[in-house]
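Undergrad: This is the structure I want to talk about, given as structure tokens.
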Amino acid sequence: MDKNKVEEYIKEALVENAELFLVDLVIGAENKISVIIDGDKGVPLSECIRVSRAVEANLDRDEEDFSIEVATPDIAKPIVLQRQYVKNIGRTILVTTENDKFEGVLEKVTDENIVLSWKTREPKEIGKGKVTVEKSATLTYAEIKETKVKILFS
């Protein structure tokens, strides 16, 4: 099965809803097509079905047998695209770099980097005790090894 052809069919289907975007496409053994799509405001099940049917309509089962699954990203999976970072502005994320780990609120996303902020307790400069301070970090995409959204239960 031609992966580029399948990707083009997916992109054609996504044009109908500009809020949706392709995260991943894998064609596995026995032509099992796994598509992961995401949306700026989430993805309703009806959109997964629509994309699946649009791709299926363009493929010929007489030519090649296949199965297709269109799903949304697993919350436990890392963020892989800049557009996913934008979608998660205001949420708490865990970022791993080569030397450090950061946990904070995603404040800003640009073409080159992301900005996190968090509060921490640090010793006072003078006297005993601790004081709460606000910290932030600007991380380039190149230095980020992995980013996951922290699941918070309230």
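We name chains A, B, ... following the order of the structure tokens; residues begin at 1 in each chain, and ligands are numbered from 1 as shown.
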For region 31-37 of chain A, please output as a CSV table (one decimal) with C-alpha atoms, in the first residue's frame all residues within 6 Å (counting only C-alpha atoms; exclusion window: fewer than 5 positions along the same chain).
TA:
```
chain,number,residue,atom,x,y,z
A,21,PHE,CA,-4.9,17.9,11.5
A,22,LEU,CA,-2.9,14.7,10.9
A,23,VAL,CA,-0.7,13.6,13.8
A,24,ASP,CA,0.4,10.2,12.6
A,25,LEU,CA,-0.1,7.6,9.9
A,26,VAL,CA,1.1,4.0,10.1
A,66,PHE,CA,-6.9,-3.3,4.0
A,67,SER,CA,-8.3,-2.3,7.3
A,68,ILE,CA,-8.5,1.3,8.6
A,69,GLU,CA,-8.7,2.8,12.0
A,70,VAL,CA,-9.0,6.6,12.6
A,71,ALA,CA,-8.5,7.7,16.2
A,72,THR,CA,-7.5,10.7,18.3
```
Undergrad: What's around Thr110 (chain A) at 10 Å? Count only C-alpha atoms, leave out sequence neighbours fewer than 6 positions away in its own chain, and write the answer as a PDB file with C-alpha atoms, in the first residue's frame.
TA:
```pdb
ATOM      1  CA  GLN A  82       3.561  22.404  17.347  1.00  0.00           C
ATOM      2  CA  TYR A  85       1.248  22.596  21.868  1.00  0.00           C
ATOM      3  CA  VAL A  86      -1.018  25.481  20.795  1.00  0.00           C
ATOM      4  CA  THR A 140      13.261  25.421  21.961  1.00  0.00           C
ATOM      5  CA  TYR A 141      11.715  22.477  20.148  1.00  0.00           C
TER       6      TYR A 141
END
```
Undergrad: Looking only at strand (DSSP E or B) from DSSP on the backbone, list the matching residues of region 31-136 of chain A as a PyMOL selection string.
TA: chain A and resi 32-40+42+67-71+92-97+101-109+113-123+130-136
Undergrad: Excluding Ala142 (chain A) and its own-chain neighbours fewer than 5 positions away, which residues fall within 12 Å of it when counting only C-alpha atoms? Please give them as a list in words.
TA: Gln82, Thr96, Thr97, Glu98, Asp111, Glu112, Asn113 and Ile114 of chain A
Undergrad: Please produce a file of the residues just selected, as an mmCIF file, in the first residue's frame, where the atoms kept are N, CA and C atoms.
TA:
```cif
data_model
loop_
_atom_site.group_PDB
_atom_site.id
_atom_site.type_symbol
_atom_site.label_atom_id
_atom_site.label_comp_id
_atom_site.auth_asym_id
_atom_site.auth_seq_id
_atom_site.Cartn_x
_atom_site.Cartn_y
_atom_site.Cartn_z
ATOM 1 N N GLN A 82 3.713 21.061 16.778
ATOM 2 C CA GLN A 82 3.561 22.404 17.347
ATOM 3 C C GLN A 82 2.074 22.737 17.534
ATOM 4 N N THR A 96 10.563 16.990 29.123
ATOM 5 C CA THR A 96 11.865 16.392 29.385
ATOM 6 C C THR A 96 12.844 16.899 28.336
ATOM 7 N N THR A 97 13.984 17.399 28.802
ATOM 8 C CA THR A 97 15.074 17.798 27.908
ATOM 9 C C THR A 97 16.236 16.841 28.161
ATOM 10 N N GLU A 98 17.342 17.072 27.518
ATOM 11 C CA GLU A 98 18.517 16.215 27.700
ATOM 12 C C GLU A 98 18.961 16.166 29.159
ATOM 13 N N ASP A 111 6.893 29.740 16.844
ATOM 14 C CA ASP A 111 7.450 28.847 15.828
ATOM 15 C C ASP A 111 8.765 28.211 16.286
ATOM 16 N N GLU A 112 9.464 28.868 17.232
ATOM 17 C CA GLU A 112 10.768 28.381 17.666
ATOM 18 C C GLU A 112 10.769 27.708 19.036
ATOM 19 N N ASN A 113 9.828 28.104 19.931
ATOM 20 C CA ASN A 113 9.922 27.610 21.303
ATOM 21 C C ASN A 113 8.582 27.627 22.030
ATOM 22 N N ILE A 114 8.639 27.116 23.276
ATOM 23 C CA ILE A 114 7.480 27.181 24.168
ATOM 24 C C ILE A 114 7.921 27.852 25.463
#
```
Undergrad: With only C-alpha atoms as the atoms that count, which of A:Leu20, A:Ala76, A:Val6, A:Ile151 lies nearest to Arg91 (chain A)?
TA: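 For Arg91 (chain A), the nearest of the candidates is A:Ile151.
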Undergrad: Contacts of Glu107 (chain A) at 9 Å or less, counting only C-alpha atoms, minus same-chain residues fewer than 4 places along, as an MDAnalysis selection string?
TA: chainID A and resid 89:91 114:117
Undergrad: Those same residues, written as a PDB file, in the first residue's frame with N, CA and C atoms?
TA:
```pdb
ATOM      1  N   ILE A  89      -2.273  25.217  25.368  1.00  0.00           N
ATOM      2  CA  ILE A  89      -1.915  26.426  26.121  1.00  0.00           C
ATOM      3  C   ILE A  89      -2.851  26.536  27.322  1.00  0.00           C
ATOM      4  N   GLY A  90      -2.258  26.816  28.497  1.00  0.00           N
ATOM      5  CA  GLY A  90      -3.030  26.935  29.724  1.00  0.00           C
ATOM      6  C   GLY A  90      -3.100  25.649  30.529  1.00  0.00           C
ATOM      7  N   ARG A  91      -2.625  24.552  29.960  1.00  0.00           N
ATOM      8  CA  ARG A  91      -2.640  23.271  30.671  1.00  0.00           C
ATOM      9  C   ARG A  91      -1.258  22.988  31.264  1.00  0.00           C
ATOM     10  N   ILE A 114       8.639  27.116  23.276  1.00  0.00           N
ATOM     11  CA  ILE A 114       7.480  27.181  24.168  1.00  0.00           C
ATOM     12  C   ILE A 114       7.921  27.852  25.463  1.00  0.00           C
ATOM     13  N   VAL A 115       6.962  28.424  26.183  1.00  0.00           N
ATOM     14  CA  VAL A 115       7.251  29.066  27.459  1.00  0.00           C
ATOM     15  C   VAL A 115       6.380  28.412  28.526  1.00  0.00           C
ATOM     16  N   LEU A 116       7.036  27.952  29.600  1.00  0.00           N
ATOM     17  CA  LEU A 116       6.364  27.346  30.747  1.00  0.00           C
ATOM     18  C   LEU A 116       6.506  28.266  31.946  1.00  0.00           C
ATOM     19  N   SER A 117       5.521  28.216  32.845  1.00  0.00           N
ATOM     20  CA  SER A 117       5.654  28.936  34.120  1.00  0.00           C
ATOM     21  C   SER A 117       5.168  28.032  35.238  1.00  0.00           C
TER      22      SER A 117
END
```
Undergrad: Give me, please, the distance in Å between CA of Arg121 (chain A) and CA of Thr92 (chain A), quoted to one decimal.
TA: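 Straight-line distance from CA of Arg121 (chain A) to CA of Thr92 (chain A) works out to 17.9 Å.
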Undergrad: Which distance in Å separates CA of Glu143 (chain A) and CA of Lys108 (chain A), to one decimal?
TA: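 Here the two named atoms are 16.4 Å from each other.
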Undergrad: Measuring between only C-alpha atoms, which one of A:Arg53, A:Lys145, A:Arg83, A:Lys77 shows the shortest distance to Lys41 (chain A)?
TA: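 Of the candidates, the smallest distance to Lys41 (chain A) is held by A:Arg83.
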Undergrad: Using only C-alpha atoms, pick whichever of A:Ala29, A:Ala57, A:Cys48, A:Val133 has the shortest atom-to-atom distance to Tyr9 (chain A).
TA: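 Of the candidates, the smallest distance to Tyr9 (chain A) is held by A:Ala57.
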Undergrad: What is the distance, in Å and to one decimal place, between CA of Ala13 (chain A) and CA of Val51 (chain A)?
TA: 5.6 Å
Undergrad: Please give the complete set of residues from chain A that DSSP, run on the backbone, assigns to alpha helix (DSSP H), formatted as a ChimeraX atom specification.
TA: /A:3-14,45-58,82-87
Undergrad: Since we have the selection now, will you write its residues out, keeping N, CA and C atoms, as an mmCIF file, in the first residue's frame?
TA:
```cif
data_model
loop_
_atom_site.group_PDB
_atom_site.id
_atom_site.type_symbol
_atom_site.label_atom_id
_atom_site.label_comp_id
_atom_site.auth_asym_id
_atom_site.auth_seq_id
_atom_site.Cartn_x
_atom_site.Cartn_y
_atom_site.Cartn_z
ATOM 1 N N LYS A 3 1.880 4.635 1.080
ATOM 2 C CA LYS A 3 1.638 5.520 2.228
ATOM 3 C C LYS A 3 1.378 6.958 1.785
ATOM 4 N N ASN A 4 2.109 7.420 0.775
ATOM 5 C CA ASN A 4 1.929 8.802 0.295
ATOM 6 C C ASN A 4 0.527 9.017 -0.267
ATOM 7 N N LYS A 5 0.015 8.004 -0.970
ATOM 8 C CA LYS A 5 -1.323 8.094 -1.537
ATOM 9 C C LYS A 5 -2.372 8.161 -0.410
ATOM 10 N N VAL A 6 -2.212 7.311 0.598
ATOM 11 C CA VAL A 6 -3.139 7.295 1.737
ATOM 12 C C VAL A 6 -3.085 8.634 2.467
ATOM 13 N N GLU A 7 -1.873 9.166 2.655
ATOM 14 C CA GLU A 7 -1.724 10.464 3.333
ATOM 15 C C GLU A 7 -2.437 11.574 2.553
ATOM 16 N N GLU A 8 -2.354 11.541 1.233
ATOM 17 C CA GLU A 8 -3.054 12.543 0.414
ATOM 18 C C GLU A 8 -4.570 12.439 0.594
ATOM 19 N N TYR A 9 -5.098 11.214 0.652
ATOM 20 C CA TYR A 9 -6.539 11.027 0.864
ATOM 21 C C TYR A 9 -6.957 11.570 2.230
ATOM 22 N N ILE A 10 -6.122 11.359 3.224
ATOM 23 C CA ILE A 10 -6.420 11.880 4.572
ATOM 24 C C ILE A 10 -6.431 13.406 4.543
ATOM 25 N N LYS A 11 -5.422 13.984 3.930
ATOM 26 C CA LYS A 11 -5.340 15.454 3.871
ATOM 27 C C LYS A 11 -6.537 16.045 3.122
ATOM 28 N N GLU A 12 -6.971 15.378 2.055
ATOM 29 C CA GLU A 12 -8.164 15.837 1.319
ATOM 30 C C GLU A 12 -9.390 15.820 2.232
ATOM 31 N N ALA A 13 -9.524 14.781 3.047
ATOM 32 C CA ALA A 13 -10.661 14.676 3.972
ATOM 33 C C ALA A 13 -10.581 15.749 5.061
ATOM 34 N N LEU A 14 -9.374 16.058 5.500
ATOM 35 C CA LEU A 14 -9.201 17.047 6.569
ATOM 36 C C LEU A 14 -9.460 18.476 6.103
ATOM 37 N N LEU A 45 -16.392 12.051 17.427
ATOM 38 C CA LEU A 45 -16.390 10.728 16.808
ATOM 39 C C LEU A 45 -16.867 10.798 15.357
ATOM 40 N N SER A 46 -17.829 11.651 15.092
ATOM 41 C CA SER A 46 -18.364 11.771 13.725
ATOM 42 C C SER A 46 -17.278 12.173 12.728
ATOM 43 N N GLU A 47 -16.292 12.948 13.170
ATOM 44 C CA GLU A 47 -15.199 13.353 12.273
ATOM 45 C C GLU A 47 -14.252 12.185 12.010
ATOM 46 N N CYS A 48 -14.006 11.346 13.014
ATOM 47 C CA CYS A 48 -13.178 10.154 12.807
ATOM 48 C C CYS A 48 -13.849 9.246 11.776
ATOM 49 N N ILE A 49 -15.154 9.074 11.903
ATOM 50 C CA ILE A 49 -15.916 8.237 10.969
ATOM 51 C C ILE A 49 -15.864 8.836 9.570
ATOM 52 N N ARG A 50 -16.044 10.155 9.471
ATOM 53 C CA ARG A 50 -16.043 10.825 8.170
ATOM 54 C C ARG A 50 -14.692 10.658 7.471
ATOM 55 N N VAL A 51 -13.603 10.859 8.206
ATOM 56 C CA VAL A 51 -12.263 10.725 7.622
ATOM 57 C C VAL A 51 -12.020 9.278 7.197
ATOM 58 N N SER A 52 -12.414 8.329 8.025
ATOM 59 C CA SER A 52 -12.250 6.920 7.700
ATOM 60 C C SER A 52 -12.983 6.576 6.404
ATOM 61 N N ARG A 53 -14.216 7.016 6.301
ATOM 62 C CA ARG A 53 -15.015 6.722 5.094
ATOM 63 C C ARG A 53 -14.446 7.401 3.859
ATOM 64 N N ALA A 54 -13.939 8.616 4.027
ATOM 65 C CA ALA A 54 -13.369 9.336 2.884
ATOM 66 C C ALA A 54 -12.135 8.618 2.346
ATOM 67 N N VAL A 55 -11.290 8.141 3.235
ATOM 68 C CA VAL A 55 -10.090 7.410 2.811
ATOM 69 C C VAL A 55 -10.496 6.085 2.182
ATOM 70 N N GLU A 56 -11.401 5.374 2.843
ATOM 71 C CA GLU A 56 -11.858 4.074 2.357
ATOM 72 C C GLU A 56 -12.481 4.184 0.964
ATOM 73 N N ALA A 57 -13.196 5.263 0.715
ATOM 74 C CA ALA A 57 -13.847 5.443 -0.584
ATOM 75 C C ALA A 57 -12.832 5.604 -1.719
ATOM 76 N N ASN A 58 -11.633 6.072 -1.395
ATOM 77 C CA ASN A 58 -10.601 6.274 -2.406
ATOM 78 C C ASN A 58 -9.708 5.058 -2.635
ATOM 79 N N GLN A 82 3.713 21.061 16.778
ATOM 80 C CA GLN A 82 3.561 22.404 17.347
ATOM 81 C C GLN A 82 2.074 22.737 17.534
ATOM 82 N N ARG A 83 1.248 22.321 16.620
ATOM 83 C CA ARG A 83 -0.182 22.614 16.708
ATOM 84 C C ARG A 83 -0.809 21.972 17.946
ATOM 85 N N GLN A 84 -0.254 20.853 18.407
ATOM 86 C CA GLN A 84 -0.731 20.227 19.638
ATOM 87 C C GLN A 84 -0.327 21.065 20.852
ATOM 88 N N TYR A 85 0.849 21.689 20.784
ATOM 89 C CA TYR A 85 1.248 22.596 21.868
ATOM 90 C C TYR A 85 0.251 23.755 21.958
ATOM 91 N N VAL A 86 -0.079 24.350 20.821
ATOM 92 C CA VAL A 86 -1.018 25.481 20.795
ATOM 93 C C VAL A 86 -2.345 25.071 21.428
ATOM 94 N N LYS A 87 -2.809 23.892 21.097
ATOM 95 C CA LYS A 87 -4.069 23.387 21.629
ATOM 96 C C LYS A 87 -4.039 23.278 23.151
#
```
